[in-house]
Each structure stands twice: as C-alpha cells, then as structure tokens.
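Enquirer: Here it is, the structure, as structure tokens.
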Protein chains: 2
Amino acid sequence: MQFSILANVKRIIIWYGLALAILVFLLKFLEYRYIVRDLSLEFYLGVIAVLFTTVGIWLGLKLTRKKVITISAPQPSPPDTIFQLDEQILQQKGISKREYKVLELMAKGHSNQEIADKLFVSLNTIKTHTSNLFIKLEAKRRTQAIERAKQLRLLP
Amino acid sequence: MQFSILANVKRIIIWYGLALAILVFLLKFLEYRYIVRDLSLEFYLGVIAVLFTTVGIWLGLKLTRKKVITISAPQPSPPDTIFQLDEQILQQKGISKREYKVLELMAKGHSNQEIADKLFVSLNTIKTHTSNLFIKLEAKRRTQAIERAKQLRLLP
DNA sequence: AAACCCTTCACCCGAAAGTATGATTTGCAT
DNA sequence: ATGCAAATCATACTTTCGGGTGAAGGGTTT
C-alpha cells in the first residue's frame with residue numbers, strides 16, 4: 001500500500017460532506033413532496049444509519065486493505081529472470097561438478113543423508129563434499145554456503 | 001483459524017438494532033423536552049451519520065482484523081528485482097514479527113547462537129522460534145525453511 | 001476474571017552436521 | 001608411467017540442530 005493517506009483523507013472528507021448534503025437535500029425534497037408524514041423519524045434514522053454504516057465499513061476496509069488475507073494463493077515460484085550459472089566463478093573457486101551437485105541439493109533443503117541417497121553414494125562422501133564446499137565458499141555452515149553461492153550467482 | 005461467522009453476525013445485528021432503538025428513543029425524548037425545534041433535521045442527520053460511520057469503521061476494522069472477509073489480490077509480481085514481502089502469507093502462516101526476524105537472520109547463514117547474540121536473547125529462545133517456524137513453514141531443517149520462505153515470497 | 005497469543009527461557013535427549021585424517025580407485029594429462 | 005585431481009568411503013570426535021515439554025510474564029480479547 002503505497003499512497004498518501006493524508007491526501008486521501010482530505011478527499012474522503014469532501015466526499016463525506018457532499019454525500020451528507022445531497023442526502024439532506026433529497027430527504028427534504030421527498031419530505032415535502034411525496035412521502036411526507038407517512039414515514040416516521042425512525043425510518044429516516046434507520047435509513048441514514050444503514051447507509052452510513054455501509055460507508056463506515058467501506059472506509060474501514062479501505063484503510064486496512066493491506067490486512068486482508070488471501071485464502072489460496074500459491075505462488076508459482078520463479079517468474080524471475082532466467083538464472084544463468086556463472087561457471088567462471090565455479091572454476092575460479094575450484095568447485096567440482098560433484099560438489100556443485102551437492103550444493104544444489106543442499107540449497108533445496110535436503111539433508112546430507114537425503115543427498116547421499118539421491119546421488120547413490122555414502123553419507124560420508126557427502127560430508128566430505130560439503131566440507132570442501134564450505135572451505136571453497138568460505139562458509140561455516142550450509143546456510144551460509146547457500147547464501148554465499150547465491151551472491152556469487154552459482155545458485156538461482 | 002476459522003470460526004463461526006454466522007454466530008457473530010447474529011450478535012452484531014442484535015446490537016445494531018438495539019443501538020438504533022436506544023438512539024431513536026433518546027432523540028424522541030430530547031425532541032419533546034429540551035432542545036425541541038432549535039435543532040434542525042440536518043443536525044440530527046449529521047449526528048446519526050457520524051455515529052454510524054464510526055460504528056461502520058469499527059465494524060470494518062473488526063471484520064478485517066478477524067480475517068472473516070477475504071479478498072484475493074493475486075499480484076502479478078512485476079519483473080523488477082525489488083523484493084516485496086508478502087505480508088498476507090506471513091499472517092496466513094501465523095508467523096510473528098520475532099519469528100520473521102529470526103527467519104531473516106537464519107537465511108543470511110547465521111547459527112542459532114549468532115542470532116541469539118544479535119537479538120540479545122538466549123539460545124533457547126531462538127531454538128523455540130526456529131522450531132515454531134519449521135512447523136509453520138512445514139519444514140524439517142533450516143535450509144528447507146529458507147527455501148520454503150523464498151518460494152512463498154517471504155524472503156528475497 | 002478468564003482465555004489466548006507472543007516472547008522469553010530452561011532442560012533433556014537424540015539426530016544431524018561439521019572437522020580431521022587417512023585410504024582407495026579412476027581418469028586424464030604430462 | 002607417473003603425477004595429480006576428483007570421487008569415493010571410513011573412523012572418530014565435537015558442535016550444532018531439532019523435538020518435546022513446561023513455564024513465567026506481558027498484552028490483548030472476550
């Protein structure tokens with residue numbers, strides 16, 4: 001929500017006053033022409049109340065529109081710019097193909113065991129790869145390695 | 001979190017009618033006692049209008065706060081690179097401010113201890129936050145939580 | 001006042017991650 | 001063939017994570 005609230009308030013007040021004036025005029029007009037005394041004060045009050053409650057609700061909604069939630073809006077993830085791997089940096093950092101594969105799976109949130117299963121190697125092998133990755137990416141943790149890799153355009 | 005809308009509406013209507021009745025009574029009473037014809041119809045209308053606009057705004061706020069009304073607003077997500085946090089999803093997932101702060105620092109590659117130091121709280125507190133985050137993001141690991149959060153547009 | 005959420009913190013325990021070191025095999029280049 | 005990097009695996013050990021549970025205080029809503 002990026003618009004001036006103050007600017008809008010002024011307009012709202014103007015509209016508010018205008019609506020009120022028109023309404024009063026309309027009622028006066030009707031009162032002395034057609035309906036006259038058939039309708040009691042209670043009726044008028046009711047009409048006004050309902051009308052302005054509606055206005056109020058509308059205002060309330062408008063003012064807090066940002067808080068309205070969406071029930072189902074699954075983001076179809078990346079409509080982003082097409083990711084282009086920077087292989088130069090890959091070579092520059094001395095990251096091998098296998099290590100990069102591990103890095104990818106790591107970034108997807110897989111555990112070492114899951115990566116091992118996916119690549120049909122042992123857990124220890126993955127540990128070795130990750131350890132080497134951390135050294136080459138100057139990271140202490142996998143989350144740090146992932147962040148580093150994204151900054152280096154090694155990951156989308 | 002869903003709850004009975006109908007039950008609330010019934011109560012609101014009752015209160016609404018009651019307030020209206022009381023107001024009418026009050027006005028009638030005043031009309032024939034003290035103020036009488038000094039005040040014009042316009043004045044009454046104005047008072048009623050303002051009053052019920054207030055009620056309306058209050059209602060609007062209450063309704064939106066309770067998330068009863070849902071208006072889907074699927075944003076097309078402009079091709080620019082500026083990250084726009086999707087607060088709707090944040091609320092939808094029930095992620096608190098503190099939890100989000102932790103999530104941010106987590107995504108930057110910090111350990112729980114580092115996050116604790118940065119936020120001046122204990123390690124155990126961060127552990128609680130992360131645990132709750134994993135539940136809310138349906139993740140088993142921090143790397144998975146980060147990946148999930150990025151897909152949900154909660155993180156750049 | 002009661003119910004509820006957020007934030008904070010604690011303790012325990014098991015699982016996963018990370019460190020260090022060493023070994024074997026394979027493919028590729030000198 | 002020799003040397004070397006890559007890939008594989010192992011053992012042992014430390015650190016970090018994560019799950020489960022409980023609880024206290026502050027704030028808001030009912």
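As shown in the structure tokens, the chain order sets the letters A, B, ...; within each chain, residues go from 1, and ligands are also counted from 1 in the order they appear.
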Using only C-alpha atoms (C1' of nucleotides), find which residues of chain A lie within 8 Å of chain D and jot them down as JSON, numbers by chain.
Expert: {"A": [96, 121, 122, 124, 125]}
Enquirer: Would you list the contacts of DG18 in chain C as a list in words, taking every protein, DNA or RNA residue within 10 Å and counting only C-alpha atoms (C1' of nucleotides), but skipping same-chain residues closer than 6 positions in sequence?
Expert: Lys127, Thr128, Thr130, Ser131, Phe134, Lys140, Arg141 and Arg142 of chain A; DT14, DT15 and DT16 of chain D
Enquirer: Could you check how far CA of Lys136 in chain A sits from CA of Lys93 in chain A, in Å to one decimal?
Expert: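 Distance between the two atoms: 6.0 Å.
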Enquirer: Which residues of chain C come within 9 Å of chain A, and what is each one's closest atom pair and distance in Å (one decimal), counting only C-alpha atoms (C1' of nucleotides), sorted by chain and residue number, as CSV?
Expert:
```
residue,atom,partner,partner_atom,distance
C:DA16,C1',A:Ser111,CA,8.0
C:DA17,C1',A:Asn112,CA,8.2
C:DG18,C1',A:Ser131,CA,7.2
C:DT19,C1',A:Ser131,CA,8.2
```
Enquirer: I need the residue nearest chain A from this list: B:Ala149, B:Gly109, B:Leu155, B:Lys97. Use only C-alpha atoms for the distance.
Expert: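 Between B:Ala149, B:Gly109, B:Leu155, B:Lys97, the residue approaching chain A most closely is B:Gly109.
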Enquirer: From the set B:Glu104, B:Thr143, B:His129, B:Pro156, which residue has the shortest atom-to-atom contact distance to chain A, counting only C-alpha atoms?
Expert: B:Thr143
